[in-house]
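**Student:** Have a look at this one.
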Number of protein chains: 2
Amino acid sequence: MTEAEPRWLSDEDQCVWRQIIAVINMLPPRLERELQRAHGLSLHDYQILVQLSEHPDREVRLSDLAEATQQSKSRLSHQMTRMENAGLVARRNCPTDRRGAYAVLTEEGWRVLEAAAPTHVESVREHLMDVMTPAQKQVVGAAFGAVADKLRPAARSTVCPSLKQPVDPSGV
Amino acid sequence: MTEAEPRWLSDEDQCVWRQIIAVINMLPPRLERELQRAHGLSLHDYQILVQLSEHPDREVRLSDLAEATQQSKSRLSHQMTRMENAGLVARRNCPTDRRGAYAVLTEEGWRVLEAAAPTHVESVREHLMDVMTPAQKQVVGAAFGAVADKLRPAARSTVCPSLKQPVDPSGV
DNA sequence: AATAGGTCATTCAAGCTTCAACTATTTTCG
DNA sequence: CGAAAATAGTTGAAGCTTGAATGACCTATT
């Protein structure tokens with residue numbers, strides 16, 4: 001693609017976009033392979049374990065979990081089934097809403113997460129965080145924060161009580 | 001996720017990492033849905049069409065194409081089969097290396113790309129480029145260029161020169 | 001010229017993701 | 001109230017991705 005016609009991307013923007021998409025294409029597979037080899041977990045498994053571990057009683061409503069991990073309910077449902085079969089999580093019916101259910105972290109799931117976390121963090125450092133300067137990281141954080149906010153289904157940012165204790169800005 | 005024992009992530013890094021992964025999780029599906037609805041193309045289809053369109057004779061060796069689009073040969077092979085069936089590309093045997101093959105952009109593929117490009121560019125703008133300030137874009141380009149370079153098997157840098165000049169992050 | 005070892009590309013099977021359809025429950029509101 | 005609409009979550013089938021295995025060909029070394 002070359003011609004500059006209506007609302008095209010400038011050369012600089014084009015270049016930035018290609019770097020971003022290259023990272024999007026390469027980073028998750030790399031992290032996943034390392035997680036997989038070392039602990040038999042997928043990246044999505046890991047993200048779910050992390051979410052659960054950070055919530056009171058290590059349980060989260062499925063809808064909230066789907067939103068927190070940026071995936072469809074359908075996918076989460078399949079994912080849950082797999083992780084349930086692997087013994088990492090369990091489902092629990094919601095007493096106050098009979099449609100609903102909680103995902104609960106099992107003891108096993110907690111242990112696996114504890115074991116996997118250091119390796120995974122090391123991967124993230126090696127391939128991402130240690131490659132950027134502190135100043136770059138700060139700008140990237142701000143820029144991607146804005147992008148992510150705009151991508152998120154805007155509705156319920158402050159509503160749902162079962163999510164989010166206040167405090168820690170890093171802790172979603 | 002609590003103890004800080006080995007090499008953990010700082011709160012700031014943690015926060016940056018979560019923004020990045022949120023974008024990685026949300027951006028491609030969003031762009032893909034818009035491309036799909038408007039032109040029946042997947043993001044990977046589009047990336048391949050773009051690559052081909054930019055090469056002499058609109059053809060590229062499959063290995064090179066796989067590398068340029070950051071995917072495995074296996075995946076590309078399946079992808080090619082699908083796109084061939086859709087009439088977007090064709091395969092051509094390499095005359096000088098009988099193991100090899102070229103992917104060639106068809107007339108149809110070119111037309112589809114021409115039709116899809118404006119919409120897709122608009123999506124990229126809307127969800128990504130227009131959300132970042134020029135200064136942010138520059139820093140993100142440089143940072144992700146470094147990350148991508150380190151993730152790539154061996155190859156050369158693809159950071160365009162304009163991104164390499166340092167930037168004052170306070171001006172962001 | 002022979003052979004060992006590399007590269008190019010495809011195939012298969014298993015697993016994962018997507019989308020639409022579906023059940024069951026709760027909420028809205030005329 | 002009671003019908004319509006919205007929400008929570010699941011399911012199934014089709015399609016896509018992955019990783020290992022394979023076949024075919026090239027290249028370096030001897």
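The way I read the labels, and the way they are meant: chains A, B, ... in the order of the structure tokens, residue 1 as the first residue of every chain, and ligand 1 as the first ligand shown, with later ones counted on from there.
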Please give chain A as a compact mmCIF listing (two decimals) with N, CA and C atoms, in the first residue's frame, after it has been superposed on chain B by least squares over all Cα atoms paired in order.
**Tutor:**
```
# COMPACT_ATOMS: atom_id res chain seq x y z
N MET A 1 -3.10 -13.13 43.09
CA MET A 1 -1.70 -13.09 43.45
C MET A 1 -1.44 -11.83 44.27
N THR A 2 -0.81 -12.03 45.43
CA THR A 2 -0.74 -10.90 46.32
C THR A 2 0.63 -10.69 46.94
N GLU A 3 1.21 -11.69 47.54
CA GLU A 3 2.44 -11.52 48.31
C GLU A 3 3.59 -10.95 47.46
N ALA A 4 4.37 -10.15 48.12
CA ALA A 4 5.58 -9.63 47.46
C ALA A 4 6.77 -10.40 47.98
N GLU A 5 7.30 -11.28 47.14
CA GLU A 5 8.40 -12.10 47.65
C GLU A 5 9.70 -11.89 46.90
N PRO A 6 10.00 -12.68 45.84
CA PRO A 6 11.37 -12.55 45.30
C PRO A 6 11.47 -11.37 44.35
N ARG A 7 11.31 -11.62 43.08
CA ARG A 7 11.24 -10.53 42.11
C ARG A 7 9.80 -10.42 41.64
N TRP A 8 8.93 -9.92 42.43
CA TRP A 8 7.52 -9.79 42.08
C TRP A 8 7.32 -8.53 41.24
N LEU A 9 6.13 -8.28 40.82
CA LEU A 9 5.84 -6.99 40.20
C LEU A 9 5.35 -6.03 41.26
N SER A 10 5.80 -4.80 41.18
CA SER A 10 5.25 -3.78 42.06
C SER A 10 3.77 -3.59 41.74
N ASP A 11 3.05 -3.00 42.66
CA ASP A 11 1.63 -2.75 42.42
C ASP A 11 1.42 -1.95 41.14
N GLU A 12 2.28 -0.96 40.94
CA GLU A 12 2.13 -0.12 39.75
C GLU A 12 2.38 -0.95 38.49
N ASP A 13 3.45 -1.73 38.50
CA ASP A 13 3.75 -2.55 37.34
C ASP A 13 2.65 -3.56 37.08
N GLN A 14 2.17 -4.14 38.13
CA GLN A 14 1.06 -5.09 38.03
C GLN A 14 -0.13 -4.46 37.31
N CYS A 15 -0.41 -3.25 37.74
CA CYS A 15 -1.55 -2.54 37.17
C CYS A 15 -1.32 -2.24 35.70
N VAL A 16 -0.13 -1.78 35.37
CA VAL A 16 0.21 -1.50 33.98
C VAL A 16 0.09 -2.77 33.14
N TRP A 17 0.63 -3.84 33.66
CA TRP A 17 0.60 -5.11 32.93
C TRP A 17 -0.84 -5.55 32.66
N ARG A 18 -1.69 -5.37 33.63
CA ARG A 18 -3.08 -5.79 33.41
C ARG A 18 -3.81 -4.93 32.39
N GLN A 19 -3.46 -3.66 32.35
CA GLN A 19 -4.06 -2.83 31.31
C GLN A 19 -3.58 -3.29 29.93
N ILE A 20 -2.31 -3.59 29.84
CA ILE A 20 -1.78 -4.01 28.55
C ILE A 20 -2.42 -5.31 28.09
N ILE A 21 -2.53 -6.24 29.01
CA ILE A 21 -3.07 -7.52 28.59
C ILE A 21 -4.55 -7.42 28.28
N ALA A 22 -5.22 -6.51 28.97
CA ALA A 22 -6.64 -6.31 28.66
C ALA A 22 -6.80 -5.80 27.23
N VAL A 23 -5.93 -4.86 26.86
CA VAL A 23 -5.99 -4.34 25.49
C VAL A 23 -5.64 -5.44 24.49
N ILE A 24 -4.62 -6.20 24.82
CA ILE A 24 -4.23 -7.30 23.94
C ILE A 24 -5.38 -8.28 23.77
N ASN A 25 -6.12 -8.50 24.83
CA ASN A 25 -7.23 -9.44 24.74
C ASN A 25 -8.43 -8.89 23.98
N MET A 26 -8.64 -7.59 24.10
CA MET A 26 -9.89 -7.04 23.55
C MET A 26 -9.76 -6.37 22.19
N LEU A 27 -8.59 -5.73 21.96
CA LEU A 27 -8.50 -4.92 20.75
C LEU A 27 -8.55 -5.73 19.45
N PRO A 28 -7.72 -6.76 19.32
CA PRO A 28 -7.75 -7.47 18.05
C PRO A 28 -9.12 -8.07 17.71
N PRO A 29 -9.79 -8.71 18.66
CA PRO A 29 -11.12 -9.22 18.32
C PRO A 29 -12.07 -8.13 17.85
N ARG A 30 -11.98 -6.98 18.48
CA ARG A 30 -12.89 -5.90 18.09
C ARG A 30 -12.59 -5.43 16.68
N LEU A 31 -11.33 -5.18 16.39
CA LEU A 31 -10.95 -4.74 15.05
C LEU A 31 -11.32 -5.80 14.03
N GLU A 32 -11.10 -7.03 14.42
CA GLU A 32 -11.36 -8.11 13.48
C GLU A 32 -12.84 -8.21 13.14
N ARG A 33 -13.68 -8.11 14.16
CA ARG A 33 -15.11 -8.20 13.89
C ARG A 33 -15.56 -7.11 12.93
N GLU A 34 -15.03 -5.91 13.14
CA GLU A 34 -15.45 -4.81 12.28
C GLU A 34 -14.95 -5.01 10.85
N LEU A 35 -13.73 -5.49 10.72
CA LEU A 35 -13.18 -5.77 9.39
C LEU A 35 -13.95 -6.91 8.71
N GLN A 36 -14.24 -7.89 9.52
CA GLN A 36 -14.92 -9.08 9.01
C GLN A 36 -16.32 -8.74 8.48
N ARG A 37 -17.05 -8.03 9.30
CA ARG A 37 -18.42 -7.68 8.91
C ARG A 37 -18.44 -6.82 7.65
N ALA A 38 -17.51 -5.86 7.63
CA ALA A 38 -17.55 -4.89 6.54
C ALA A 38 -16.93 -5.43 5.26
N HIS A 39 -15.92 -6.26 5.37
CA HIS A 39 -15.20 -6.65 4.15
C HIS A 39 -14.82 -8.12 4.09
N GLY A 40 -15.26 -8.90 5.07
CA GLY A 40 -14.95 -10.32 5.03
C GLY A 40 -13.48 -10.66 5.20
N LEU A 41 -12.73 -9.73 5.80
CA LEU A 41 -11.30 -9.97 5.99
C LEU A 41 -10.99 -10.20 7.46
N SER A 42 -10.01 -11.06 7.71
CA SER A 42 -9.47 -11.15 9.06
C SER A 42 -8.37 -10.11 9.20
N LEU A 43 -7.98 -9.87 10.44
CA LEU A 43 -6.90 -8.93 10.71
C LEU A 43 -5.61 -9.40 10.04
N HIS A 44 -5.40 -10.71 10.05
CA HIS A 44 -4.19 -11.24 9.43
C HIS A 44 -4.23 -11.09 7.91
N ASP A 45 -5.37 -11.35 7.34
CA ASP A 45 -5.53 -11.07 5.91
C ASP A 45 -5.10 -9.64 5.61
N TYR A 46 -5.65 -8.73 6.40
CA TYR A 46 -5.40 -7.32 6.16
C TYR A 46 -3.92 -6.99 6.27
N GLN A 47 -3.30 -7.50 7.32
CA GLN A 47 -1.87 -7.20 7.50
C GLN A 47 -1.04 -7.69 6.33
N ILE A 48 -1.41 -8.81 5.81
CA ILE A 48 -0.67 -9.35 4.68
C ILE A 48 -0.90 -8.51 3.43
N LEU A 49 -2.13 -8.13 3.19
CA LEU A 49 -2.42 -7.28 2.04
C LEU A 49 -1.62 -5.98 2.13
N VAL A 50 -1.57 -5.40 3.32
CA VAL A 50 -0.84 -4.16 3.49
C VAL A 50 0.64 -4.36 3.17
N GLN A 51 1.22 -5.39 3.72
CA GLN A 51 2.63 -5.65 3.45
C GLN A 51 2.89 -5.76 1.95
N LEU A 52 2.09 -6.57 1.30
CA LEU A 52 2.31 -6.75 -0.14
C LEU A 52 2.17 -5.44 -0.88
N SER A 53 1.18 -4.67 -0.50
CA SER A 53 0.91 -3.43 -1.23
C SER A 53 2.06 -2.45 -1.13
N GLU A 54 2.89 -2.62 -0.12
CA GLU A 54 3.95 -1.64 0.11
C GLU A 54 5.28 -2.03 -0.51
N HIS A 55 5.31 -3.18 -1.15
CA HIS A 55 6.58 -3.63 -1.70
C HIS A 55 6.60 -3.56 -3.21
N PRO A 56 7.79 -3.38 -3.76
CA PRO A 56 7.93 -3.26 -5.21
C PRO A 56 7.26 -4.45 -5.88
N ASP A 57 6.52 -4.18 -6.92
CA ASP A 57 5.81 -5.22 -7.66
C ASP A 57 4.76 -5.93 -6.81
N ARG A 58 4.52 -5.37 -5.65
CA ARG A 58 3.51 -5.97 -4.77
C ARG A 58 3.76 -7.45 -4.54
N GLU A 59 5.01 -7.77 -4.34
CA GLU A 59 5.33 -9.16 -4.01
C GLU A 59 6.44 -9.21 -2.98
N VAL A 60 6.40 -10.23 -2.16
CA VAL A 60 7.37 -10.39 -1.08
C VAL A 60 7.67 -11.87 -0.92
N ARG A 61 8.91 -12.15 -0.62
CA ARG A 61 9.27 -13.53 -0.30
C ARG A 61 8.51 -14.00 0.93
N LEU A 62 8.10 -15.25 0.93
CA LEU A 62 7.26 -15.74 2.02
C LEU A 62 7.94 -15.61 3.38
N SER A 63 9.21 -15.93 3.43
CA SER A 63 9.91 -15.79 4.71
C SER A 63 9.89 -14.36 5.22
N ASP A 64 10.13 -13.44 4.32
CA ASP A 64 10.13 -12.04 4.72
C ASP A 64 8.74 -11.60 5.17
N LEU A 65 7.75 -12.11 4.47
CA LEU A 65 6.38 -11.77 4.82
C LEU A 65 6.02 -12.32 6.19
N ALA A 66 6.48 -13.52 6.45
CA ALA A 66 6.23 -14.11 7.77
C ALA A 66 6.87 -13.27 8.86
N GLU A 67 8.07 -12.84 8.61
CA GLU A 67 8.74 -12.03 9.63
C GLU A 67 8.08 -10.67 9.78
N ALA A 68 7.72 -10.08 8.66
CA ALA A 68 7.11 -8.75 8.71
C ALA A 68 5.77 -8.77 9.43
N THR A 69 5.08 -9.87 9.35
CA THR A 69 3.78 -9.94 10.01
C THR A 69 3.84 -10.73 11.31
N GLN A 70 5.04 -11.02 11.76
CA GLN A 70 5.25 -11.66 13.06
C GLN A 70 4.47 -12.95 13.21
N GLN A 71 4.60 -13.82 12.23
CA GLN A 71 3.95 -15.11 12.40
C GLN A 71 4.85 -16.23 11.86
N SER A 72 4.50 -17.45 12.22
CA SER A 72 5.32 -18.58 11.81
C SER A 72 5.12 -18.84 10.31
N LYS A 73 6.13 -19.49 9.72
CA LYS A 73 6.00 -19.84 8.31
C LYS A 73 4.84 -20.79 8.08
N SER A 74 4.67 -21.68 9.03
CA SER A 74 3.58 -22.63 8.90
C SER A 74 2.24 -21.91 8.82
N ARG A 75 2.03 -21.01 9.74
CA ARG A 75 0.76 -20.29 9.74
C ARG A 75 0.60 -19.50 8.46
N LEU A 76 1.68 -18.83 8.06
CA LEU A 76 1.59 -18.06 6.83
C LEU A 76 1.24 -18.95 5.65
N SER A 77 1.80 -20.13 5.64
CA SER A 77 1.53 -21.03 4.53
C SER A 77 0.03 -21.36 4.45
N HIS A 78 -0.54 -21.73 5.57
CA HIS A 78 -1.99 -21.98 5.60
C HIS A 78 -2.77 -20.73 5.20
N GLN A 79 -2.35 -19.62 5.76
CA GLN A 79 -2.99 -18.35 5.47
C GLN A 79 -2.97 -18.05 3.98
N MET A 80 -1.81 -18.26 3.39
CA MET A 80 -1.65 -18.02 1.95
C MET A 80 -2.61 -18.90 1.15
N THR A 81 -2.70 -20.14 1.56
CA THR A 81 -3.60 -21.04 0.84
C THR A 81 -5.03 -20.51 0.87
N ARG A 82 -5.45 -20.07 2.04
CA ARG A 82 -6.81 -19.52 2.15
C ARG A 82 -6.97 -18.29 1.29
N MET A 83 -6.00 -17.38 1.39
CA MET A 83 -6.12 -16.12 0.65
C MET A 83 -5.99 -16.36 -0.85
N GLU A 84 -5.23 -17.38 -1.21
CA GLU A 84 -5.12 -17.74 -2.61
C GLU A 84 -6.49 -18.23 -3.11
N ASN A 85 -7.10 -19.07 -2.31
CA ASN A 85 -8.43 -19.56 -2.67
C ASN A 85 -9.45 -18.43 -2.77
N ALA A 86 -9.23 -17.40 -1.96
CA ALA A 86 -10.13 -16.26 -2.00
C ALA A 86 -9.76 -15.30 -3.13
N GLY A 87 -8.68 -15.57 -3.82
CA GLY A 87 -8.29 -14.73 -4.96
C GLY A 87 -7.57 -13.46 -4.58
N LEU A 88 -7.14 -13.34 -3.33
CA LEU A 88 -6.52 -12.10 -2.89
C LEU A 88 -5.03 -12.05 -3.20
N VAL A 89 -4.41 -13.21 -3.22
CA VAL A 89 -2.96 -13.28 -3.46
C VAL A 89 -2.66 -14.45 -4.38
N ALA A 90 -1.44 -14.51 -4.83
CA ALA A 90 -1.00 -15.67 -5.60
C ALA A 90 0.41 -16.02 -5.16
N ARG A 91 0.83 -17.21 -5.48
CA ARG A 91 2.21 -17.61 -5.22
C ARG A 91 2.99 -17.60 -6.52
N ARG A 92 4.26 -17.24 -6.42
CA ARG A 92 5.12 -17.26 -7.59
C ARG A 92 6.46 -17.84 -7.19
N ASN A 93 6.96 -18.74 -7.99
CA ASN A 93 8.25 -19.35 -7.67
C ASN A 93 9.36 -18.34 -7.79
N CYS A 94 10.34 -18.49 -6.94
CA CYS A 94 11.50 -17.62 -6.99
C CYS A 94 12.47 -18.19 -8.01
N PRO A 95 12.87 -17.38 -8.99
CA PRO A 95 13.73 -17.89 -10.04
C PRO A 95 15.15 -18.18 -9.55
N THR A 96 15.62 -17.43 -8.58
CA THR A 96 17.01 -17.57 -8.16
C THR A 96 17.21 -18.56 -7.02
N ASP A 97 16.15 -18.95 -6.39
CA ASP A 97 16.25 -19.93 -5.29
C ASP A 97 15.06 -20.86 -5.39
N ARG A 98 15.35 -22.08 -5.84
CA ARG A 98 14.22 -22.94 -6.18
C ARG A 98 13.48 -23.50 -4.98
N ARG A 99 13.99 -23.21 -3.76
CA ARG A 99 13.21 -23.56 -2.59
C ARG A 99 12.12 -22.54 -2.36
N GLY A 100 12.41 -21.33 -2.79
CA GLY A 100 11.64 -20.17 -2.33
C GLY A 100 10.43 -19.83 -3.16
N ALA A 101 9.62 -18.92 -2.65
CA ALA A 101 8.45 -18.46 -3.37
C ALA A 101 8.10 -17.03 -2.95
N TYR A 102 7.42 -16.35 -3.84
CA TYR A 102 6.90 -15.03 -3.53
C TYR A 102 5.41 -15.10 -3.29
N ALA A 103 4.94 -14.24 -2.43
CA ALA A 103 3.52 -13.94 -2.35
C ALA A 103 3.29 -12.69 -3.19
N VAL A 104 2.29 -12.73 -4.04
CA VAL A 104 1.99 -11.61 -4.92
C VAL A 104 0.56 -11.14 -4.69
N LEU A 105 0.40 -9.83 -4.62
CA LEU A 105 -0.93 -9.26 -4.47
C LEU A 105 -1.65 -9.29 -5.81
N THR A 106 -2.83 -9.82 -5.84
CA THR A 106 -3.61 -9.82 -7.09
C THR A 106 -4.36 -8.50 -7.25
N GLU A 107 -4.87 -8.28 -8.44
CA GLU A 107 -5.70 -7.10 -8.68
C GLU A 107 -6.86 -7.06 -7.70
N GLU A 108 -7.50 -8.22 -7.60
CA GLU A 108 -8.61 -8.37 -6.65
C GLU A 108 -8.19 -8.02 -5.22
N GLY A 109 -7.03 -8.53 -4.83
CA GLY A 109 -6.53 -8.25 -3.49
C GLY A 109 -6.32 -6.76 -3.29
N TRP A 110 -5.79 -6.12 -4.29
CA TRP A 110 -5.57 -4.68 -4.21
C TRP A 110 -6.89 -3.93 -4.06
N ARG A 111 -7.86 -4.33 -4.85
CA ARG A 111 -9.16 -3.66 -4.75
C ARG A 111 -9.79 -3.86 -3.38
N VAL A 112 -9.72 -5.08 -2.88
CA VAL A 112 -10.29 -5.35 -1.56
C VAL A 112 -9.59 -4.52 -0.49
N LEU A 113 -8.27 -4.44 -0.60
CA LEU A 113 -7.53 -3.64 0.37
C LEU A 113 -7.94 -2.17 0.29
N GLU A 114 -8.04 -1.66 -0.91
CA GLU A 114 -8.45 -0.27 -1.07
C GLU A 114 -9.81 0.00 -0.44
N ALA A 115 -10.68 -0.99 -0.61
CA ALA A 115 -12.02 -0.82 -0.06
C ALA A 115 -12.03 -0.92 1.46
N ALA A 116 -11.18 -1.81 1.97
CA ALA A 116 -11.22 -2.08 3.40
C ALA A 116 -10.47 -1.04 4.22
N ALA A 117 -9.43 -0.48 3.62
CA ALA A 117 -8.53 0.38 4.40
C ALA A 117 -9.24 1.51 5.16
N PRO A 118 -10.09 2.27 4.50
CA PRO A 118 -10.71 3.39 5.23
C PRO A 118 -11.50 2.93 6.46
N THR A 119 -12.28 1.89 6.29
CA THR A 119 -13.04 1.39 7.43
C THR A 119 -12.12 0.95 8.56
N HIS A 120 -11.11 0.21 8.17
CA HIS A 120 -10.21 -0.32 9.19
C HIS A 120 -9.48 0.80 9.92
N VAL A 121 -8.98 1.75 9.14
CA VAL A 121 -8.30 2.88 9.77
C VAL A 121 -9.23 3.59 10.74
N GLU A 122 -10.46 3.70 10.35
CA GLU A 122 -11.43 4.34 11.23
C GLU A 122 -11.59 3.56 12.54
N SER A 123 -11.59 2.25 12.44
CA SER A 123 -11.65 1.42 13.65
C SER A 123 -10.46 1.66 14.55
N VAL A 124 -9.29 1.65 13.92
CA VAL A 124 -8.07 1.84 14.70
C VAL A 124 -8.08 3.20 15.40
N ARG A 125 -8.52 4.20 14.67
CA ARG A 125 -8.67 5.51 15.29
C ARG A 125 -9.61 5.47 16.47
N GLU A 126 -10.78 4.97 16.20
CA GLU A 126 -11.83 5.03 17.21
C GLU A 126 -11.43 4.32 18.50
N HIS A 127 -10.89 3.12 18.34
CA HIS A 127 -10.64 2.32 19.53
C HIS A 127 -9.27 2.55 20.15
N LEU A 128 -8.38 3.14 19.38
CA LEU A 128 -7.01 3.24 19.89
C LEU A 128 -6.44 4.65 19.79
N MET A 129 -6.23 5.11 18.58
CA MET A 129 -5.47 6.34 18.43
C MET A 129 -6.19 7.56 18.98
N ASP A 130 -7.47 7.63 18.76
CA ASP A 130 -8.20 8.81 19.26
C ASP A 130 -8.41 8.78 20.77
N VAL A 131 -8.11 7.65 21.38
CA VAL A 131 -8.29 7.55 22.83
C VAL A 131 -7.05 8.05 23.56
N MET A 132 -5.93 8.07 22.84
CA MET A 132 -4.69 8.52 23.47
C MET A 132 -4.38 9.96 23.07
N THR A 133 -3.75 10.67 23.99
CA THR A 133 -3.28 12.02 23.65
C THR A 133 -2.04 11.89 22.78
N PRO A 134 -1.72 12.95 22.05
CA PRO A 134 -0.50 12.92 21.24
C PRO A 134 0.73 12.57 22.06
N ALA A 135 0.84 13.13 23.25
CA ALA A 135 2.01 12.83 24.09
C ALA A 135 2.02 11.36 24.48
N GLN A 136 0.85 10.84 24.83
CA GLN A 136 0.79 9.42 25.18
C GLN A 136 1.20 8.56 24.00
N LYS A 137 0.67 8.90 22.83
CA LYS A 137 1.00 8.10 21.65
C LYS A 137 2.50 8.06 21.42
N GLN A 138 3.12 9.20 21.61
CA GLN A 138 4.55 9.24 21.36
C GLN A 138 5.31 8.33 22.32
N VAL A 139 4.94 8.40 23.58
CA VAL A 139 5.62 7.56 24.57
C VAL A 139 5.33 6.09 24.32
N VAL A 140 4.07 5.79 24.03
CA VAL A 140 3.71 4.40 23.76
C VAL A 140 4.48 3.88 22.56
N GLY A 141 4.60 4.69 21.56
CA GLY A 141 5.35 4.29 20.37
C GLY A 141 6.79 3.96 20.70
N ALA A 142 7.42 4.81 21.49
CA ALA A 142 8.82 4.57 21.86
C ALA A 142 8.94 3.32 22.72
N ALA A 143 8.07 3.21 23.71
CA ALA A 143 8.16 2.08 24.64
C ALA A 143 7.92 0.77 23.91
N PHE A 144 6.87 0.73 23.11
CA PHE A 144 6.55 -0.52 22.41
C PHE A 144 7.54 -0.81 21.30
N GLY A 145 8.12 0.23 20.76
CA GLY A 145 9.18 0.00 19.80
C GLY A 145 10.32 -0.77 20.43
N ALA A 146 10.68 -0.37 21.64
CA ALA A 146 11.76 -1.07 22.34
C ALA A 146 11.35 -2.51 22.65
N VAL A 147 10.12 -2.67 23.10
CA VAL A 147 9.65 -4.02 23.44
C VAL A 147 9.64 -4.91 22.20
N ALA A 148 9.12 -4.37 21.13
CA ALA A 148 9.04 -5.15 19.90
C ALA A 148 10.43 -5.54 19.40
N ASP A 149 11.35 -4.57 19.47
CA ASP A 149 12.72 -4.86 19.03
C ASP A 149 13.33 -6.01 19.82
N LYS A 150 13.02 -6.02 21.10
CA LYS A 150 13.61 -7.05 21.93
C LYS A 150 12.93 -8.41 21.68
N LEU A 151 11.71 -8.38 21.23
CA LEU A 151 11.01 -9.64 20.97
C LEU A 151 11.40 -10.24 19.63
N ARG A 152 11.83 -9.39 18.73
CA ARG A 152 12.13 -9.86 17.39
C ARG A 152 13.37 -10.72 17.37
N PRO A 153 13.35 -11.81 16.63
CA PRO A 153 14.56 -12.61 16.44
C PRO A 153 15.65 -11.73 15.88
N ALA A 154 16.63 -11.42 16.66
CA ALA A 154 17.49 -10.27 16.45
C ALA A 154 18.33 -10.29 15.18
N ALA A 155 18.51 -11.45 14.60
CA ALA A 155 19.54 -11.67 13.61
C ALA A 155 19.59 -10.67 12.46
N ARG A 156 18.63 -10.76 11.57
CA ARG A 156 18.80 -10.22 10.23
C ARG A 156 18.27 -8.82 10.04
N SER A 157 18.53 -7.93 11.00
CA SER A 157 17.90 -6.62 10.92
C SER A 157 18.32 -5.85 9.68
N THR A 158 19.54 -6.03 9.23
CA THR A 158 19.99 -5.20 8.11
C THR A 158 20.29 -6.00 6.85
N VAL A 159 20.15 -7.30 6.92
CA VAL A 159 20.67 -8.13 5.86
C VAL A 159 19.82 -8.18 4.62
N CYS A 160 18.66 -8.77 4.73
CA CYS A 160 17.89 -9.17 3.57
C CYS A 160 17.50 -8.01 2.66
N PRO A 161 17.91 -8.08 1.41
CA PRO A 161 17.71 -6.99 0.49
C PRO A 161 16.29 -6.95 -0.08
N SER A 162 15.63 -8.07 -0.13
CA SER A 162 14.32 -8.09 -0.79
C SER A 162 13.28 -7.36 0.03
N LEU A 163 13.59 -7.12 1.32
CA LEU A 163 12.67 -6.34 2.13
C LEU A 163 13.08 -4.89 2.11
N LYS A 164 12.13 -4.03 2.40
CA LYS A 164 12.42 -2.66 2.79
C LYS A 164 13.13 -1.79 1.77
N GLN A 165 12.38 -0.97 1.17
CA GLN A 165 13.02 0.19 0.62
C GLN A 165 13.28 1.09 1.80
N PRO A 166 14.29 1.97 1.70
CA PRO A 166 14.61 2.83 2.85
C PRO A 166 13.44 3.76 3.19
N VAL A 167 13.69 4.99 3.35
CA VAL A 167 12.64 6.01 3.53
C VAL A 167 11.75 5.86 4.74
N ASP A 168 10.49 5.88 4.44
CA ASP A 168 9.37 6.04 5.37
C ASP A 168 9.48 5.17 6.62
N PRO A 169 9.63 5.77 7.76
CA PRO A 169 9.77 5.01 9.01
C PRO A 169 8.47 4.30 9.38
N SER A 170 7.37 4.76 8.85
CA SER A 170 6.11 4.08 9.16
C SER A 170 5.90 2.90 8.23
N GLY A 171 6.69 2.83 7.19
CA GLY A 171 6.41 1.84 6.18
C GLY A 171 7.26 0.59 6.34
N VAL A 172 6.75 -0.39 7.03
CA VAL A 172 7.44 -1.66 7.03
C VAL A 172 6.71 -2.56 6.06
```
**Student:** Could you find all residues in chain B that DSSP calls alpha helix (DSSP H) from the backbone, and write them as an MDAnalysis selection string?
**Tutor:** chainID B and resid 11:39 43:53 62:68 73:85 107:127 134:151
**Student:** Got a sec to pull out which chain C residues are within 12 Å of chain B, counting only C-alpha atoms (C1' of nucleotides), and send them as a VMD selection string?
**Tutor:** chain C and resid 7 to 12 17 to 19
**Student:** Enumerate as a VMD selection string all residues of stretch 100-150 of chain A assigned to strand (DSSP E) by DSSP on the backbone, naming them with the chain letters and numbers the document uses.
**Tutor:** chain A and resid 101 to 105
**Student:** Got a sec: who's within 12 Å of D:DT27, counting only C-alpha atoms (C1' of nucleotides), leaving out chain neighbours fewer than 3 positions off, as an NGL selection string?
**Tutor:** :C and (3-7)
**Student:** At a cut-off of 10 Å, which residues of chain D touch chain A? Count only C-alpha atoms (C1' of nucleotides) and give the answer as an NGL selection string.
**Tutor:** :D and (7-11)
**Student:** What's the 10 Å shell around D:DA6, counting only C-alpha atoms (C1' of nucleotides), without same-chain residues fewer than 4 positions away, as a PyMOL selection string?
**Tutor:** chain C and resi 26-28
**Student:** Separation of atom C1' of D:DT17 and atom C1' of C:DC22, in Å?
**Tutor:**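 Taking atom C1' of D:DT17 and atom C1' of C:DC22, their separation equals 27.8 Å.
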